[in-house]
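The structure appears right after this line, and notes come after that.
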Amino acid sequence: MSIKTAKLKLSIKAKILGILALILILSFLGYISIISYINRQVSAITQSATSQIYNFENKANKNLKNNILTKLLIEDVKVYANYINDELSEIQTANKKSIIPSDKLLQDKKKYTSRILSLLEVIEIEKDRPGFMFIINHQGKIIAVENNADKSPYAYHFKLNTNLLNSNNKLIIKKTEEILNSKTTDGIIKVKTIKAGNFFVLYSRINSINCTLIKVLPLDYLNSQVKQFAEKLYNFIVSINGNIISVYTKTNYIALGIFLLIIVIAFVIGSFLSQTISKPLNRLKEATKYIGKGNLIKKIKINTGDEIEELADNFNLMTRDLKDYINRLSKSISRRQAIEEEIKLAANIQLSSLPPPTPNFQINSIDLNAYIKPTKIVSGDFYDYFLIDDNNLFFAIGDVSGKSISAALFMMTTKLLMKRFALMKQSPDQILKNVNDTLALDNQTCMYSTIFCGILNKTSGELKYCNGGHTYPAVYNGNKFKYLETMENMLVGLTSKSEFKTETTTLLLGNMLFLYSDGVTECKNISNKMYSEEQLLKQLNIARRDNSQVLIDNIKNNILMFGKKAEQYDDITMLCVKLLPSEKNLK
């Protein structure tokens, strides 16, 4: 538009204003009426759109919550349930059963329940993750609970071996029955309480064991997730409010000019302009309802050629960005789960390299048992045992510096080297010397390991051993336990100049040798107090010593009770060897 044309239009408007000045009073009344109507329409539409998006208790917005729950939360629980189901496939094949009875899980804790608990420990990677998980069988009995459950205010209702159908809390019984009787394999239940606050219960079936994985999640966490989406919508509505006011002001001037021309025409044109603004804004309002129902695909098409069309385009862009945000968040969760799967696979490979806690081969006159509990998914601790020949048993326990994947790799290398040199029938000091020199050749990370290894003659009871910087073992001599003080040898793996020396003692029939890592004595409670060597020796002397497994179970339970409310500080490993009578011993 040229400057001359602009001046001409301004001149025409001035003439019209002059001619119609006499009817200004009459037209003003109609003008006030129409402007008031437009003002109410714009205000109502803006408030309604804002209310549709930002009112979290609005009935329509419950669909948005459910959509986000289904997209971001249910899938997370299903991943863990499916993983546990897949991990137990080996046990199903071994038992030739398609479903493992939950009673069998409770009877054989070493074979089943400890396996499930180790899987739940994966979740501890996320230290600040809200809520907790547990598993119930088809009778409502809790067979496994996540380790961090005690951090939740409502976790006291969900203890191991508790039957939720026999709870004193009627609400827990009701919700448990809903889950067990549900025809769907996964879902969400909202629970309203007074003491612990409102929360959601998410569940997913584990078909292989006929059990259900349950996740308890605070309602506040859900609201925080929903609000992240709603805040963007709300800020957009606030930002366009100024544009709406600008359009409204422009319309006022147009209506004023038309009213000054003629009252009748002003009313007609004013009504038309009112509809022109209200209709597209109402379509924007309807679009917000679709978003409130969780539909992020809906697009609005407005071809007015003005600011309202621009607002519609921005609205479509906003919904596209929200959809992309949800997709990116979903992919981020998938990537995180893939990493967790890789770490769990590494942990399974590492644990499979260790011999079973109880020997799966015959060792006459020897009672042996072991226990290991990593502080993370992978461990820096290790133990090993095997027969060098028909009469000599080799055993060892070690602790690698650090707790990461690199520590686990260093541990596996150390263990393999020890077995190689031990099978060459070398003495304990030669074994540690050769392992040390091999590790020190290219140890740029300066990692090291503490190791105690020994060779026990089953017939004579002679024990040859060497301690490479490890904790002192405890020996039961038929009367009481006491620490076996060993020579101060160097740590294994730091330098090729390290020297080691073999020591010898004799175990009599019934004597026991108890080996452990520093994760036992340095276990801390919530008061930051350590378990200590003195407490361990005291507990060894009051614990039952029927066999090696009973002794280790007594010490394990005592340690777990001591630090039950505190985070595990270090890997916990124990190995117990007891000399039993044999035919040669009896002769």
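The way I read the labels, and the way they are meant: chains A, B, ... in the order of the structure tokens, residue 1 as the first residue of every chain, and ligand 1 as the first ligand shown, with later ones counted on from there.
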
May I have the residues within 7 Å of stretch 538-555 of chain A as a list in words, using only C-alpha atoms and disregarding those fewer than 3 positions away in the same chain?
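Everything that qualifies: Asp367, Leu368, Asn369, Lys480, Phe481, Glu534, Gln535, Asn558, Ile559, Cys576, Val577 and Lys578 of chain A.
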
Let me see the file: selected residues, N, CA, C and O atoms, as an mmCIF file, in the first residue's frame.
data_model
loop_
_atom_site.group_PDB
_atom_site.id
_atom_site.type_symbol
_atom_site.label_atom_id
_atom_site.label_comp_id
_atom_site.auth_asym_id
_atom_site.auth_seq_id
_atom_site.Cartn_x
_atom_site.Cartn_y
_atom_site.Cartn_z
ATOM 1 N N ASP A 367 32.757 -79.953 54.365
ATOM 2 C CA ASP A 367 31.478 -79.244 54.322
ATOM 3 C C ASP A 367 31.789 -77.795 53.964
ATOM 4 O O ASP A 367 32.481 -77.100 54.727
ATOM 5 N N LEU A 368 31.315 -77.322 52.816
ATOM 6 C CA LEU A 368 31.691 -75.993 52.308
ATOM 7 C C LEU A 368 30.442 -75.243 51.872
ATOM 8 O O LEU A 368 29.523 -75.827 51.297
ATOM 9 N N ASN A 369 30.424 -73.936 52.144
ATOM 10 C CA ASN A 369 29.316 -73.092 51.718
ATOM 11 C C ASN A 369 29.819 -71.665 51.546
ATOM 12 O O ASN A 369 30.758 -71.238 52.241
ATOM 13 N N LYS A 480 35.915 -72.532 70.523
ATOM 14 C CA LYS A 480 35.394 -71.219 70.159
ATOM 15 C C LYS A 480 36.119 -70.715 68.918
ATOM 16 O O LYS A 480 37.167 -71.248 68.515
ATOM 17 N N PHE A 481 35.571 -69.674 68.309
ATOM 18 C CA PHE A 481 36.199 -69.026 67.166
ATOM 19 C C PHE A 481 37.239 -68.017 67.652
ATOM 20 O O PHE A 481 37.053 -67.334 68.674
ATOM 21 N N GLU A 534 35.042 -57.163 66.141
ATOM 22 C CA GLU A 534 34.627 -57.668 67.461
ATOM 23 C C GLU A 534 33.207 -58.220 67.420
ATOM 24 O O GLU A 534 32.924 -59.286 67.984
ATOM 25 N N GLN A 535 32.292 -57.498 66.748
ATOM 26 C CA GLN A 535 30.917 -57.966 66.656
ATOM 27 C C GLN A 535 30.825 -59.263 65.855
ATOM 28 O O GLN A 535 30.051 -60.166 66.193
ATOM 29 N N ASN A 558 22.225 -61.732 60.733
ATOM 30 C CA ASN A 558 22.631 -60.767 61.756
ATOM 31 C C ASN A 558 23.145 -59.475 61.117
ATOM 32 O O ASN A 558 22.841 -58.372 61.587
ATOM 33 N N ILE A 559 23.894 -59.607 60.005
ATOM 34 C CA ILE A 559 24.422 -58.414 59.315
ATOM 35 C C ILE A 559 23.279 -57.621 58.682
ATOM 36 O O ILE A 559 23.220 -56.387 58.781
ATOM 37 N N CYS A 576 32.858 -70.539 54.102
ATOM 38 C CA CYS A 576 33.090 -71.337 55.312
ATOM 39 C C CYS A 576 33.456 -72.769 54.901
ATOM 40 O O CYS A 576 32.792 -73.381 54.066
ATOM 41 N N VAL A 577 34.544 -73.288 55.499
ATOM 42 C CA VAL A 577 35.015 -74.646 55.232
ATOM 43 C C VAL A 577 35.079 -75.399 56.562
ATOM 44 O O VAL A 577 35.682 -74.918 57.524
ATOM 45 N N LYS A 578 34.456 -76.598 56.622
ATOM 46 C CA LYS A 578 34.453 -77.412 57.834
ATOM 47 C C LYS A 578 34.994 -78.792 57.501
ATOM 48 O O LYS A 578 34.601 -79.411 56.504
#

Test item: residues at most 12 Å from A:Ile179, only C-alpha atoms, excluding those fewer than 3 positions along its chain, as a ChimeraX atom specification:
/A:136-140,164-165,172-176,182-190,201-205,211-215

Filtering to N, CA, C and O atoms, could you give me those residues as a compact mmCIF listing (two decimals), in the first residue's frame?
# COMPACT_ATOMS: atom_id res chain seq x y z
N ILE A 136 3.53 -60.30 44.63
CA ILE A 136 2.60 -61.13 45.38
C ILE A 136 2.21 -62.33 44.53
O ILE A 136 2.23 -62.27 43.32
N ASN A 137 1.89 -63.44 45.24
CA ASN A 137 1.42 -64.62 44.50
C ASN A 137 -0.09 -64.55 44.31
O ASN A 137 -0.74 -63.57 44.69
N HIS A 138 -0.67 -65.58 43.71
CA HIS A 138 -2.10 -65.54 43.40
C HIS A 138 -2.98 -65.60 44.64
O HIS A 138 -4.19 -65.41 44.56
N GLN A 139 -2.35 -65.90 45.83
CA GLN A 139 -3.11 -65.92 47.08
C GLN A 139 -2.96 -64.61 47.87
O GLN A 139 -3.44 -64.51 48.99
N GLY A 140 -2.27 -63.63 47.29
CA GLY A 140 -2.12 -62.33 47.96
C GLY A 140 -0.91 -62.27 48.88
O GLY A 140 -0.73 -61.27 49.58
N LEU A 164 -1.59 -59.97 52.05
CA LEU A 164 -2.36 -58.72 52.00
C LEU A 164 -3.85 -58.96 52.19
O LEU A 164 -4.57 -58.06 52.61
N LEU A 165 -4.33 -60.17 51.89
CA LEU A 165 -5.76 -60.46 52.05
C LEU A 165 -6.12 -60.64 53.53
O LEU A 165 -7.29 -60.66 53.88
N ILE A 172 -6.46 -52.04 51.87
CA ILE A 172 -5.44 -52.89 51.25
C ILE A 172 -6.08 -54.18 50.75
O ILE A 172 -5.79 -54.67 49.65
N ILE A 173 -6.98 -54.76 51.56
CA ILE A 173 -7.65 -56.00 51.15
C ILE A 173 -8.46 -55.76 49.87
O ILE A 173 -8.43 -56.55 48.93
N LYS A 174 -9.20 -54.66 49.85
CA LYS A 174 -10.06 -54.35 48.70
C LYS A 174 -9.25 -54.19 47.42
O LYS A 174 -9.57 -54.76 46.38
N LYS A 175 -8.14 -53.41 47.51
CA LYS A 175 -7.34 -53.16 46.32
C LYS A 175 -6.60 -54.42 45.88
O LYS A 175 -6.39 -54.65 44.68
N THR A 176 -6.18 -55.26 46.84
CA THR A 176 -5.52 -56.52 46.49
C THR A 176 -6.48 -57.42 45.73
O THR A 176 -6.12 -58.06 44.73
N SER A 182 -8.59 -59.01 38.57
CA SER A 182 -8.62 -58.24 37.33
C SER A 182 -8.44 -59.17 36.12
O SER A 182 -7.64 -60.10 36.14
N LYS A 183 -9.21 -58.90 35.06
CA LYS A 183 -9.11 -59.70 33.85
C LYS A 183 -7.98 -59.21 32.93
O LYS A 183 -7.67 -59.85 31.93
N THR A 184 -7.39 -58.06 33.27
CA THR A 184 -6.28 -57.53 32.47
C THR A 184 -4.96 -57.90 33.12
O THR A 184 -4.89 -58.09 34.33
N THR A 185 -3.92 -57.99 32.31
CA THR A 185 -2.60 -58.38 32.82
C THR A 185 -1.85 -57.21 33.43
O THR A 185 -0.86 -57.42 34.13
N ASP A 186 -2.28 -55.98 33.19
CA ASP A 186 -1.64 -54.84 33.80
C ASP A 186 -2.65 -53.69 33.91
O ASP A 186 -3.63 -53.66 33.17
N GLY A 187 -2.39 -52.79 34.84
CA GLY A 187 -3.31 -51.67 35.03
C GLY A 187 -2.89 -50.75 36.15
O GLY A 187 -1.81 -50.89 36.74
N ILE A 188 -3.78 -49.78 36.47
CA ILE A 188 -3.52 -48.76 37.49
C ILE A 188 -4.73 -48.66 38.39
O ILE A 188 -5.86 -48.68 37.93
N ILE A 189 -4.46 -48.55 39.69
CA ILE A 189 -5.53 -48.35 40.67
C ILE A 189 -5.15 -47.17 41.55
O ILE A 189 -4.05 -47.10 42.09
N LYS A 190 -6.08 -46.20 41.70
CA LYS A 190 -5.84 -45.05 42.57
C LYS A 190 -6.32 -45.37 43.98
O LYS A 190 -7.41 -45.90 44.17
N VAL A 201 -1.36 -47.53 42.48
CA VAL A 201 -0.82 -48.89 42.46
C VAL A 201 -0.82 -49.35 41.01
O VAL A 201 -1.86 -49.43 40.37
N LEU A 202 0.38 -49.64 40.48
CA LEU A 202 0.53 -50.13 39.13
C LEU A 202 0.89 -51.61 39.21
O LEU A 202 1.74 -52.00 40.00
N TYR A 203 0.28 -52.46 38.39
CA TYR A 203 0.54 -53.89 38.47
C TYR A 203 0.70 -54.49 37.09
O TYR A 203 0.18 -53.98 36.11
N SER A 204 1.46 -55.62 37.05
CA SER A 204 1.67 -56.35 35.80
C SER A 204 1.91 -57.82 36.14
O SER A 204 2.66 -58.12 37.06
N ARG A 205 1.28 -58.71 35.41
CA ARG A 205 1.38 -60.15 35.67
C ARG A 205 2.75 -60.70 35.28
O ARG A 205 3.34 -60.28 34.29
N CYS A 211 2.40 -64.93 39.41
CA CYS A 211 2.47 -63.86 40.41
C CYS A 211 2.27 -62.51 39.73
O CYS A 211 2.14 -62.42 38.50
N THR A 212 2.22 -61.47 40.55
CA THR A 212 1.98 -60.12 40.04
C THR A 212 3.03 -59.17 40.59
O THR A 212 3.26 -59.13 41.80
N LEU A 213 3.68 -58.39 39.71
CA LEU A 213 4.61 -57.34 40.12
C LEU A 213 3.82 -56.06 40.35
O LEU A 213 3.07 -55.63 39.49
N ILE A 214 3.98 -55.49 41.54
CA ILE A 214 3.21 -54.28 41.92
C ILE A 214 4.19 -53.15 42.21
O ILE A 214 5.19 -53.32 42.89
N LYS A 215 3.87 -51.95 41.69
CA LYS A 215 4.65 -50.74 41.96
C LYS A 215 3.73 -49.73 42.62
O LYS A 215 2.66 -49.43 42.10

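Distance-wise, atom CA of A:Lys497 and atom CA of A:Leu439 end up 12.0 Å apart.
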
Excluding A:Glu499 and its own-chain neighbours fewer than 6 positions away, which residues fall within 9 Å of it when counting only C-alpha atoms? Please give them as a PyMOL selection string.
chain A and resi 429+432-433+489-490

Using DSSP on the backbone coordinates, identify the residues of stretch 367-518 of chain A assigned to strand (DSSP E); present them as a PyMOL selection string.
chain A and resi 367-373+381-387+392-400+449-457+462-468+474-476+481-483+503-506+512-516

Skip A:Lys159 itself and residues of its chain fewer than 5 positions away, then list as a PDB file with all heavy atoms, in the first residue's frame all residues within 10 Å of it, counting only C-alpha atoms.
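This is the output file selection-v6.pdb:
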ATOM      1  N   PHE A 134       7.095 -54.642  44.744  1.00  0.00           N
ATOM      2  CA  PHE A 134       7.095 -55.936  45.405  1.00  0.00           C
ATOM      3  C   PHE A 134       6.281 -56.907  44.566  1.00  0.00           C
ATOM      4  O   PHE A 134       5.616 -56.515  43.615  1.00  0.00           O
ATOM      5  CB  PHE A 134       6.550 -55.823  46.836  1.00  0.00           C
ATOM      6  CG  PHE A 134       5.134 -55.303  46.926  1.00  0.00           C
ATOM      7  CD1 PHE A 134       4.045 -56.163  46.967  1.00  0.00           C
ATOM      8  CD2 PHE A 134       4.890 -53.934  46.978  1.00  0.00           C
ATOM      9  CE1 PHE A 134       2.756 -55.689  47.058  1.00  0.00           C
ATOM     10  CE2 PHE A 134       3.602 -53.441  47.069  1.00  0.00           C
ATOM     11  CZ  PHE A 134       2.538 -54.314  47.104  1.00  0.00           C
ATOM     12  N   LYS A 141      -0.037 -63.265  48.881  1.00  0.00           N
ATOM     13  CA  LYS A 141       1.115 -63.279  49.774  1.00  0.00           C
ATOM     14  C   LYS A 141       2.316 -62.633  49.101  1.00  0.00           C
ATOM     15  O   LYS A 141       2.612 -62.892  47.929  1.00  0.00           O
ATOM     16  CB  LYS A 141       1.455 -64.711  50.170  1.00  0.00           C
ATOM     17  CG  LYS A 141       2.504 -64.803  51.282  1.00  0.00           C
ATOM     18  CD  LYS A 141       2.651 -66.248  51.744  1.00  0.00           C
ATOM     19  CE  LYS A 141       3.611 -66.342  52.932  1.00  0.00           C
ATOM     20  NZ  LYS A 141       3.740 -67.732  53.417  1.00  0.00           N
ATOM     21  N   ILE A 142       3.045 -61.762  49.851  1.00  0.00           N
ATOM     22  CA  ILE A 142       4.218 -61.068  49.322  1.00  0.00           C
ATOM     23  C   ILE A 142       5.399 -62.036  49.353  1.00  0.00           C
ATOM     24  O   ILE A 142       5.798 -62.518  50.418  1.00  0.00           O
ATOM     25  CB  ILE A 142       4.534 -59.806  50.138  1.00  0.00           C
ATOM     26  CG1 ILE A 142       3.365 -58.817  50.041  1.00  0.00           C
ATOM     27  CG2 ILE A 142       5.816 -59.159  49.644  1.00  0.00           C
ATOM     28  CD1 ILE A 142       3.557 -57.565  50.846  1.00  0.00           C
ATOM     29  N   ILE A 143       5.994 -62.295  48.168  1.00  0.00           N
ATOM     30  CA  ILE A 143       7.124 -63.229  48.106  1.00  0.00           C
ATOM     31  C   ILE A 143       8.447 -62.520  47.837  1.00  0.00           C
ATOM     32  O   ILE A 143       9.502 -63.130  47.934  1.00  0.00           O
ATOM     33  CB  ILE A 143       6.876 -64.302  47.031  1.00  0.00           C
ATOM     34  CG1 ILE A 143       6.846 -63.661  45.638  1.00  0.00           C
ATOM     35  CG2 ILE A 143       5.602 -65.064  47.302  1.00  0.00           C
ATOM     36  CD1 ILE A 143       6.884 -64.673  44.519  1.00  0.00           C
ATOM     37  N   ALA A 144       8.424 -61.244  47.496  1.00  0.00           N
ATOM     38  CA  ALA A 144       9.659 -60.499  47.267  1.00  0.00           C
ATOM     39  C   ALA A 144       9.361 -59.021  47.405  1.00  0.00           C
ATOM     40  O   ALA A 144       8.310 -58.554  46.978  1.00  0.00           O
ATOM     41  CB  ALA A 144      10.232 -60.801  45.888  1.00  0.00           C
ATOM     42  N   VAL A 145      10.301 -58.274  48.032  1.00  0.00           N
ATOM     43  CA  VAL A 145      10.139 -56.828  48.243  1.00  0.00           C
ATOM     44  C   VAL A 145      11.430 -56.141  47.858  1.00  0.00           C
ATOM     45  O   VAL A 145      12.529 -56.626  48.151  1.00  0.00           O
ATOM     46  CB  VAL A 145       9.800 -56.508  49.719  1.00  0.00           C
ATOM     47  CG1 VAL A 145       9.628 -54.992  49.904  1.00  0.00           C
ATOM     48  CG2 VAL A 145       8.531 -57.218  50.133  1.00  0.00           C
ATOM     49  N   GLU A 146      11.319 -55.021  47.177  1.00  0.00           N
ATOM     50  CA  GLU A 146      12.493 -54.239  46.801  1.00  0.00           C
ATOM     51  C   GLU A 146      13.216 -53.734  48.038  1.00  0.00           C
ATOM     52  O   GLU A 146      12.609 -53.408  49.049  1.00  0.00           O
ATOM     53  CB  GLU A 146      12.027 -53.071  45.921  1.00  0.00           C
ATOM     54  CG  GLU A 146      13.160 -52.177  45.443  1.00  0.00           C
ATOM     55  CD  GLU A 146      12.609 -50.968  44.712  1.00  0.00           C
ATOM     56  OE1 GLU A 146      11.415 -50.988  44.387  1.00  0.00           O
ATOM     57  OE2 GLU A 146      13.388 -50.026  44.494  1.00  0.00           O
ATOM     58  N   ALA A 149      12.316 -50.414  50.059  1.00  0.00           N
ATOM     59  CA  ALA A 149      10.903 -50.243  50.411  1.00  0.00           C
ATOM     60  C   ALA A 149      10.733 -49.476  51.719  1.00  0.00           C
ATOM     61  O   ALA A 149       9.765 -48.739  51.905  1.00  0.00           O
ATOM     62  CB  ALA A 149      10.213 -51.608  50.521  1.00  0.00           C
ATOM     63  N   ASP A 150      11.712 -49.649  52.659  1.00  0.00           N
ATOM     64  CA  ASP A 150      11.537 -49.004  53.962  1.00  0.00           C
ATOM     65  C   ASP A 150      11.634 -47.499  53.883  1.00  0.00           C
ATOM     66  O   ASP A 150      11.346 -46.799  54.853  1.00  0.00           O
ATOM     67  CB  ASP A 150      12.594 -49.537  54.941  1.00  0.00           C
ATOM     68  CG  ASP A 150      12.315 -50.989  55.324  1.00  0.00           C
ATOM     69  OD1 ASP A 150      11.148 -51.416  55.228  1.00  0.00           O
ATOM     70  OD2 ASP A 150      13.263 -51.664  55.699  1.00  0.00           O
ATOM     71  N   LEU A 164      -1.590 -59.969  52.050  1.00  0.00           N
ATOM     72  CA  LEU A 164      -2.356 -58.718  52.003  1.00  0.00           C
ATOM     73  C   LEU A 164      -3.852 -58.959  52.185  1.00  0.00           C
ATOM     74  O   LEU A 164      -4.571 -58.059  52.605  1.00  0.00           O
ATOM     75  CB  LEU A 164      -2.111 -58.009  50.678  1.00  0.00           C
ATOM     76  CG  LEU A 164      -0.652 -57.602  50.402  1.00  0.00           C
ATOM     77  CD1 LEU A 164      -0.556 -56.862  49.086  1.00  0.00           C
ATOM     78  CD2 LEU A 164      -0.108 -56.763  51.543  1.00  0.00           C
TER      79      LEU A 164
END

Select, from A:Glu567, A:Glu75, A:Asp384, A:Glu178, the residue with the minimum atom-to-atom distance to A:Ile526, counting only C-alpha atoms.
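Closest to A:Ile526, using only C-alpha atoms: A:Glu567.
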